[in-house]
>>> print(open('final26.pdb').read())   # PDB, C-alpha atoms and all ligand atoms
ATOM      1  CA  GLU A   1     248.056-159.414 -10.346
ATOM      2  CA  GLU A   2     250.087-156.954 -12.402
ATOM      3  CA  ILE A   3     249.018-153.389 -11.648
ATOM      4  CA  ASP A   4     249.532-150.438 -13.969
ATOM      5  CA  VAL A   5     250.316-147.799 -11.353
ATOM      6  CA  GLU A   6     249.092-144.795 -13.345
ATOM      7  CA  GLN A   7     245.882-146.521 -14.349
ATOM      8  CA  PHE A   8     245.216-147.621 -10.784
ATOM      9  CA  ILE A   9     245.826-144.129  -9.434
ATOM     10  CA  THR A  10     243.695-142.282 -11.970
ATOM     11  CA  THR A  11     240.768-144.641 -11.491
ATOM     12  CA  TYR A  12     241.066-144.531  -7.745
ATOM     13  CA  LEU A  13     241.464-140.779  -7.474
ATOM     14  CA  ASP A  14     238.462-140.168  -9.735
ATOM     15  CA  MET A  15     236.409-142.276  -7.335
ATOM     16  CA  PHE A  16     237.664-140.214  -4.419
ATOM     17  CA  ARG A  17     236.901-136.945  -6.146
ATOM     18  CA  LEU A  18     233.297-138.076  -6.471
ATOM     19  CA  LYS A  19     233.149-138.909  -2.771
ATOM     20  CA  TYR A  20     234.923-135.790  -1.505
ATOM     21  CA  HIS A  21     234.155-132.770  -3.679
ATOM     22  CA  ASP A  22     236.308-130.460  -1.588
ATOM     23  CA  LEU A  23     239.459-132.583  -1.588
ATOM     24  CA  LYS A  24     242.410-131.644  -3.779
ATOM     25  CA  LEU A  25     244.213-134.734  -5.005
ATOM     26  CA  SER A  26     247.356-134.818  -7.066
ATOM     27  CA  TYR A  27     249.920-137.446  -7.897
ATOM     28  CA  LYS A  28     253.340-137.855  -9.423
ATOM     29  CA  ILE A  29     254.798-141.150 -10.538
ATOM     30  CA  THR A  30     258.472-141.810 -11.157
ATOM     31  CA  GLY A  31     260.234-145.167 -11.448
ATOM     32  CA  VAL A  32     258.534-148.450 -12.261
ATOM     33  CA  LYS A  33     255.246-148.271 -14.159
ATOM     34  CA  THR A  34     253.855-151.656 -13.099
ATOM     35  CA  PHE A  35     254.184-154.022 -10.165
ATOM     36  CA  VAL A  36     252.500-157.110  -8.814
ATOM     37  CA  THR A  37     250.075-156.704  -5.937
ATOM     38  CA  ASP A  38     246.489-157.241  -4.842
ATOM     39  CA  PRO A  39     244.549-154.177  -6.087
ATOM     40  CA  VAL A  40     241.888-154.618  -3.404
ATOM     41  CA  LEU A  41     244.472-154.427  -0.618
ATOM     42  CA  LEU A  42     246.229-151.506  -2.275
ATOM     43  CA  GLY A  43     242.851-149.779  -2.588
ATOM     44  CA  SER A  44     242.163-150.307   1.125
ATOM     45  CA  LEU A  45     245.442-148.607   1.978
ATOM     46  CA  PHE A  46     244.597-145.640  -0.225
ATOM     47  CA  GLN A  47     241.100-145.472   1.232
ATOM     48  CA  ASN A  48     242.286-145.333   4.847
ATOM     49  CA  LEU A  49     245.151-142.909   4.292
ATOM     50  CA  ILE A  50     243.208-140.500   2.097
ATOM     51  CA  GLU A  51     240.196-140.612   4.416
ATOM     52  CA  ASN A  52     242.419-139.698   7.377
ATOM     53  CA  ALA A  53     244.084-136.878   5.465
ATOM     54  CA  TYR A  54     240.642-135.528   4.651
ATOM     55  CA  LYS A  55     239.273-135.882   8.195
ATOM     56  CA  TYR A  56     242.256-134.373   9.948
ATOM     57  CA  SER A  57     242.596-131.244   7.807
ATOM     58  CA  ALA A  58     240.870-127.883   8.098
ATOM     59  CA  PRO A  59     238.088-127.566   5.499
ATOM     60  CA  ASP A  60     240.112-125.122   3.406
ATOM     61  CA  LYS A  61     243.252-127.289   3.505
ATOM     62  CA  ARG A  62     241.932-130.620   2.359
ATOM     63  CA  GLU A  63     244.669-131.693   0.034
ATOM     64  CA  VAL A  64     246.638-134.892  -0.506
ATOM     65  CA  LYS A  65     249.764-135.091  -2.626
ATOM     66  CA  ILE A  66     250.650-138.603  -3.632
ATOM     67  CA  ARG A  67     254.180-139.424  -4.765
ATOM     68  CA  ILE A  68     255.116-142.806  -6.137
ATOM     69  CA  LEU A  69     258.726-143.699  -6.641
ATOM     70  CA  THR A  70     261.075-146.635  -6.846
ATOM     71  CA  GLU A  71     263.745-147.264  -4.242
ATOM     72  CA  ARG A  72     265.945-150.283  -4.876
ATOM     73  CA  ARG A  73     263.482-153.189  -5.276
ATOM     74  CA  ASN A  74     260.628-151.357  -3.568
ATOM     75  CA  ILE A  75     257.824-149.150  -4.731
ATOM     76  CA  VAL A  76     257.200-146.279  -2.345
ATOM     77  CA  PHE A  77     253.856-144.495  -1.960
ATOM     78  CA  SER A  78     253.892-141.206  -0.072
ATOM     79  CA  PHE A  79     250.686-139.448   1.025
ATOM     80  CA  ALA A  80     251.284-135.889   2.202
ATOM     81  CA  ASP A  81     248.595-133.653   3.681
ATOM     82  CA  LYS A  82     248.391-130.137   5.101
ATOM     83  CA  GLY A  83     246.328-131.192   8.075
ATOM     84  CA  ILE A  84     246.552-130.679  11.817
ATOM     85  CA  GLY A  85     249.558-132.964  12.128
ATOM     86  CA  ILE A  86     250.381-135.417  14.884
ATOM     87  CA  PRO A  87     252.225-134.466  18.084
ATOM     88  CA  LYS A  88     255.736-135.918  18.194
ATOM     89  CA  SER A  89     254.953-137.830  21.383
ATOM     90  CA  GLU A  90     252.058-139.607  19.626
ATOM     91  CA  LEU A  91     253.842-140.663  16.431
ATOM     92  CA  GLU A  92     254.828-144.060  17.802
ATOM     93  CA  ASN A  93     251.230-144.768  18.877
ATOM     94  CA  VAL A  94     249.111-144.059  15.814
ATOM     95  CA  PHE A  95     249.460-147.569  14.346
ATOM     96  CA  LYS A  96     248.188-149.223  17.542
ATOM     97  CA  LYS A  97     244.733-150.750  17.577
ATOM     98  CA  PHE A  98     241.996-148.474  18.997
ATOM     99  CA  TYR A  99     244.471-145.629  19.426
ATOM    100  CA  ARG A 100     243.006-142.226  18.707
ATOM    101  CA  ILE A 101     244.231-138.772  19.471
ATOM    102  CA  GLU A 102     241.574-136.429  20.784
ATOM    103  CA  ASN A 103     241.290-133.412  18.528
ATOM    104  CA  LYS A 104     238.605-131.192  17.102
ATOM    105  CA  TYR A 105     238.218-133.346  14.012
ATOM    106  CA  ASN A 106     237.518-136.645  15.765
ATOM    107  CA  GLN A 107     234.174-137.934  14.603
ATOM    108  CA  ASN A 108     231.651-140.173  16.214
ATOM    109  CA  GLY A 109     232.097-143.594  14.773
ATOM    110  CA  SER A 110     235.854-143.387  14.474
ATOM    111  CA  VAL A 111     237.337-146.208  16.449
ATOM    112  CA  GLY A 112     241.046-145.843  15.857
ATOM    113  CA  LEU A 113     241.448-148.919  13.701
ATOM    114  CA  GLY A 114     242.260-147.397  10.302
ATOM    115  CA  LEU A 115     246.007-147.168  10.711
ATOM    116  CA  ALA A 116     246.258-150.440  12.674
ATOM    117  CA  PHE A 117     244.528-152.063   9.704
ATOM    118  CA  CYS A 118     246.976-150.383   7.290
ATOM    119  CA  LYS A 119     249.888-151.691   9.349
ATOM    120  CA  GLU A 120     248.478-155.246   9.256
ATOM    121  CA  LEU A 121     247.910-154.953   5.512
ATOM    122  CA  VAL A 122     251.438-153.797   4.679
ATOM    123  CA  ASN A 123     252.917-156.471   6.944
ATOM    124  CA  PHE A 124     250.861-159.032   5.053
ATOM    125  CA  MET A 125     252.144-157.543   1.780
ATOM    126  CA  ASP A 126     255.757-157.780   3.051
ATOM    127  CA  GLY A 127     256.035-154.016   3.169
ATOM    128  CA  ASP A 128     256.255-151.251   5.718
ATOM    129  CA  ILE A 129     254.420-148.070   6.711
ATOM    130  CA  THR A 130     255.901-145.077   8.512
ATOM    131  CA  VAL A 131     254.814-141.539   9.334
ATOM    132  CA  LYS A 132     256.445-138.140   9.535
ATOM    133  CA  SER A 133     254.493-135.203  10.863
ATOM    134  CA  LYS A 134     254.668-131.662  12.155
ATOM    135  CA  GLU A 135     251.893-130.290  14.294
ATOM    136  CA  ASN A 136     249.831-127.631  12.513
ATOM    137  CA  GLU A 137     251.740-128.242   9.282
ATOM    138  CA  GLY A 138     250.843-131.673   8.054
ATOM    139  CA  SER A 139     251.618-135.358   7.901
ATOM    140  CA  GLU A 140     253.230-137.734   5.477
ATOM    141  CA  PHE A 141     252.484-141.446   5.484
ATOM    142  CA  ILE A 142     254.966-143.578   3.568
ATOM    143  CA  VAL A 143     254.113-147.070   2.369
ATOM    144  CA  THR A 144     256.917-149.245   1.023
ATOM    145  CA  LEU A 145     256.032-152.415  -0.895
ATOM    146  CA  PRO A 146     258.278-154.942  -2.620
ATOM    147  CA  ILE A 147     258.084-154.800  -6.419
ATOM    148  CA  ASP A 148     258.524-158.549  -6.861
ATOM    149  CA  SER A 149     256.068-160.348  -4.645
TER     150      SER A 149
HETATM  151  P1  LIG B 201     239.027-144.925  12.127
HETATM  152  O1  LIG B 201     240.114-144.897  11.062
HETATM  153  O2  LIG B 201     238.934-146.248  12.797
HETATM  154  O3  LIG B 201     237.736-144.397  11.613
HETATM  155  P2  LIG B 201     240.687-142.919  13.349
HETATM  156  O4  LIG B 201     240.806-142.181  12.060
HETATM  157  O5  LIG B 201     240.569-142.100  14.589
HETATM  158  O6  LIG B 201     239.450-143.913  13.309
HETATM  159  P3  LIG B 201     243.249-144.126  12.689
HETATM  160  O7  LIG B 201     242.977-143.971  11.244
HETATM  161  O8  LIG B 201     243.863-145.409  13.150
HETATM  162  O9  LIG B 201     241.929-143.916  13.557
HETATM  163  O10 LIG B 201     244.194-142.935  13.167
HETATM  164  C1  LIG B 201     244.637-142.872  14.528
HETATM  165  C2  LIG B 201     244.777-141.428  14.976
HETATM  166  O11 LIG B 201     245.890-140.848  14.291
HETATM  167  C3  LIG B 201     243.579-140.552  14.643
HETATM  168  O12 LIG B 201     242.653-140.533  15.723
HETATM  169  C4  LIG B 201     244.198-139.185  14.403
HETATM  170  O13 LIG B 201     244.246-138.455  15.608
HETATM  171  C5  LIG B 201     245.612-139.494  13.951
HETATM  172  N1  LIG B 201     245.789-139.325  12.481
HETATM  173  C6  LIG B 201     245.686-140.282  11.543
HETATM  174  N2  LIG B 201     245.917-139.808  10.305
HETATM  175  C7  LIG B 201     246.166-138.493  10.464
HETATM  176  C8  LIG B 201     246.486-137.419   9.565
HETATM  177  N3  LIG B 201     246.610-137.622   8.246
HETATM  178  N4  LIG B 201     246.688-136.183  10.105
HETATM  179  C9  LIG B 201     246.569-135.978  11.441
HETATM  180  N5  LIG B 201     246.278-136.938  12.332
HETATM  181  C10 LIG B 201     246.077-138.178  11.859
HETATM  182 MG    MG B 202     241.158-143.348  10.233
END
>>> encode(input="final26.pdb", output="structure tokens", more="lines below")
Ligand code: ATP
Ligand code: MG
Amino acid sequence: EEIDVEQFITTYLDMFRLKYHDLKLSYKITGVKTFVTDPVLLGSLFQNLIENAYKYSAPDKREVKIRILTERRNIVFSFADKGIGIPKSELENVFKKFYRIENKYNQNGSVGLGLAFCKELVNFMDGDITVKSKENEGSEFIVTLPIDS
């Protein structure tokens, strides 16, 4: 289904603002305005990445900046937070099933499946997901999806 990126984002972010009153959300779109994807799958990606950014940030630093841009024939979604970050030695592990890093923001009921699920989803969508992070500064998750699928 053809997705209007701006329309998708505004609708989705409004929903998130209702759920998390203390989360700052902003977005910037450059490049293509529409692309073909499954909005439910795209929504699941947003849900997992934004929820993590919220959980793993100090209460006064709950902020996600979303950037959407076009790179060759791909649409790239970047989610940047100002959270606790991920130790360098753990970066390669976070997409593994049931992998969690012990930290003060771990909650009961978290099982360590969110990012493994994201990885499966983007593979299914013929895309990719990567992470950059600095401890105590923040993390950036980057999802790359093909525009023509
Ligand atoms: P679940 O998503 O199943 O509720 P979870 O959030 O612990 O549990 P994942 O979403 O797979 O599991 O994330 C794996 C681990 O990566 C987390 O335990 C957390 O330590 C770390 N992590 C994920 N996202 C972030 C983030 N934005 N900032 C800092 N650490 C993160
Ligand atoms: Mg999670």
>>> atom_distance(input="final26.pdb", atom1="CA of Tyr20 (chain A)", atom2="CA of Pro59 (chain A)")
11.3 Å
>>> residues_around(input="final26.pdb", residues="Leu121 (chain A)", least_positions_apart="4", cutoff="12 Å", atoms="all atoms listed in the file", output="number ranges by chain")
A: 37-38, 40-46, 48, 95, 114-117, 125-129, 143-145
>>> closest_atom_pairs(input="final26.pdb", of="chain A", to="ligand MG 202 (chain B)", cutoff="12 Å", atoms="all atoms listed in the file", output="CSV")
residue,atom,partner,partner_atom,distance
A:Ser44,CA,B:MG202,MG,11.5
A:Leu45,CA,B:MG202,MG,10.7
A:Phe46,CA,B:MG202,MG,11.2
A:Gln47,CA,B:MG202,MG,9.2
A:Asn48,CA,B:MG202,MG,5.8
A:Leu49,CA,B:MG202,MG,7.2
A:Ile50,CA,B:MG202,MG,8.9
A:Glu51,CA,B:MG202,MG,6.5
A:Asn52,CA,B:MG202,MG,4.8
A:Ala53,CA,B:MG202,MG,8.6
A:Tyr54,CA,B:MG202,MG,9.6
A:Lys55,CA,B:MG202,MG,8.0
A:Tyr56,CA,B:MG202,MG,9.0
A:Val94,CA,B:MG202,MG,9.7
A:Phe95,CA,B:MG202,MG,10.2
A:Lys96,CA,B:MG202,MG,11.7
A:Lys97,CA,B:MG202,MG,11.0
A:Phe98,CA,B:MG202,MG,10.2
A:Tyr99,CA,B:MG202,MG,10.0
A:Arg100,CA,B:MG202,MG,8.7
A:Ile101,CA,B:MG202,MG,10.8
A:Tyr105,CA,B:MG202,MG,11.1
A:Asn106,CA,B:MG202,MG,9.4
A:Gln107,CA,B:MG202,MG,9.9
A:Asn108,CA,B:MG202,MG,11.7
A:Gly109,CA,B:MG202,MG,10.1
A:Ser110,CA,B:MG202,MG,6.8
A:Val111,CA,B:MG202,MG,7.8
A:Gly112,CA,B:MG202,MG,6.2
A:Leu113,CA,B:MG202,MG,6.6
A:Gly114,CA,B:MG202,MG,4.2
A:Leu115,CA,B:MG202,MG,6.2
A:Ala116,CA,B:MG202,MG,9.1
A:Phe117,CA,B:MG202,MG,9.4
A:Cys118,CA,B:MG202,MG,9.6
>>> write_last_selection(input="final26.pdb", atoms="C-alpha atoms", output="PDB file, in the coordinates of the input")
ATOM      1  CA  SER A  44     242.163-150.307   1.125  1.00  0.00           C
ATOM      2  CA  LEU A  45     245.442-148.607   1.978  1.00  0.00           C
ATOM      3  CA  PHE A  46     244.597-145.640  -0.225  1.00  0.00           C
ATOM      4  CA  GLN A  47     241.100-145.472   1.232  1.00  0.00           C
ATOM      5  CA  ASN A  48     242.286-145.333   4.847  1.00  0.00           C
ATOM      6  CA  LEU A  49     245.151-142.909   4.292  1.00  0.00           C
ATOM      7  CA  ILE A  50     243.208-140.500   2.097  1.00  0.00           C
ATOM      8  CA  GLU A  51     240.196-140.612   4.416  1.00  0.00           C
ATOM      9  CA  ASN A  52     242.419-139.698   7.377  1.00  0.00           C
ATOM     10  CA  ALA A  53     244.084-136.878   5.465  1.00  0.00           C
ATOM     11  CA  TYR A  54     240.642-135.528   4.651  1.00  0.00           C
ATOM     12  CA  LYS A  55     239.273-135.882   8.195  1.00  0.00           C
ATOM     13  CA  TYR A  56     242.256-134.373   9.948  1.00  0.00           C
ATOM     14  CA  VAL A  94     249.111-144.059  15.814  1.00  0.00           C
ATOM     15  CA  PHE A  95     249.460-147.569  14.346  1.00  0.00           C
ATOM     16  CA  LYS A  96     248.188-149.223  17.542  1.00  0.00           C
ATOM     17  CA  LYS A  97     244.733-150.750  17.577  1.00  0.00           C
ATOM     18  CA  PHE A  98     241.996-148.474  18.997  1.00  0.00           C
ATOM     19  CA  TYR A  99     244.471-145.629  19.426  1.00  0.00           C
ATOM     20  CA  ARG A 100     243.006-142.226  18.707  1.00  0.00           C
ATOM     21  CA  ILE A 101     244.231-138.772  19.471  1.00  0.00           C
ATOM     22  CA  TYR A 105     238.218-133.346  14.012  1.00  0.00           C
ATOM     23  CA  ASN A 106     237.518-136.645  15.765  1.00  0.00           C
ATOM     24  CA  GLN A 107     234.174-137.934  14.603  1.00  0.00           C
ATOM     25  CA  ASN A 108     231.651-140.173  16.214  1.00  0.00           C
ATOM     26  CA  GLY A 109     232.097-143.594  14.773  1.00  0.00           C
ATOM     27  CA  SER A 110     235.854-143.387  14.474  1.00  0.00           C
ATOM     28  CA  VAL A 111     237.337-146.208  16.449  1.00  0.00           C
ATOM     29  CA  GLY A 112     241.046-145.843  15.857  1.00  0.00           C
ATOM     30  CA  LEU A 113     241.448-148.919  13.701  1.00  0.00           C
ATOM     31  CA  GLY A 114     242.260-147.397  10.302  1.00  0.00           C
ATOM     32  CA  LEU A 115     246.007-147.168  10.711  1.00  0.00           C
ATOM     33  CA  ALA A 116     246.258-150.440  12.674  1.00  0.00           C
ATOM     34  CA  PHE A 117     244.528-152.063   9.704  1.00  0.00           C
ATOM     35  CA  CYS A 118     246.976-150.383   7.290  1.00  0.00           C
TER      36      CYS A 118
END
>>> residues_around(input="final26.pdb", residues="Lys88 (chain A)", least_positions_apart="2", cutoff="10 Å", atoms="only C-alpha atoms", output="PyMOL selection string")
chain A and resi 85-86+90-93+132-135
>>> write_last_selection(input="final26.pdb", atoms="C-alpha atoms", output="PDB file, in the frame of the given file")
ATOM      1  CA  GLY A  85     249.558-132.964  12.128  1.00  0.00           C
ATOM      2  CA  ILE A  86     250.381-135.417  14.884  1.00  0.00           C
ATOM      3  CA  GLU A  90     252.058-139.607  19.626  1.00  0.00           C
ATOM      4  CA  LEU A  91     253.842-140.663  16.431  1.00  0.00           C
ATOM      5  CA  GLU A  92     254.828-144.060  17.802  1.00  0.00           C
ATOM      6  CA  ASN A  93     251.230-144.768  18.877  1.00  0.00           C
ATOM      7  CA  LYS A 132     256.445-138.140   9.535  1.00  0.00           C
ATOM      8  CA  SER A 133     254.493-135.203  10.863  1.00  0.00           C
ATOM      9  CA  LYS A 134     254.668-131.662  12.155  1.00  0.00           C
ATOM     10  CA  GLU A 135     251.893-130.290  14.294  1.00  0.00           C
TER      11      GLU A 135
END
>>> atom_distance(input="final26.pdb", atom1="CA of Val76 (chain A)", atom2="CA of Lys119 (chain A)")
14.8 Å
>>> closest_residue(input="final26.pdb", among="A:Ile3, A:Leu13, A:Ala58, A:Leu69", to="Ile84 (chain A)", atoms="only C-alpha atoms")
A:Ala58
>>> closest_residue(input="final26.pdb", among="A:Phe8, A:Phe35, A:Phe141, A:Phe16", to="Asn74 (chain A)", atoms="all atoms listed in the file")
A:Phe35
>>> atom_distance(input="final26.pdb", atom1="CA of Ile75 (chain A)", atom2="CA of Asp4 (chain A)")
12.5 Å
>>> residues_near_point(input="final26.pdb", point="(237.8, -128.7, -0.4)", cutoff="9 Å", atoms="all atoms listed in the file", output="PyMOL selection string")
chain A and resi 20-24+54+59-63
>>> resolve_selection(input="final26.pdb", expression="the PyMOL selection byres (((chain A and resi 67) around 6) and not hetatm)", output="PyMOL selection string")
chain A and resi 27-28+66+68+77-78
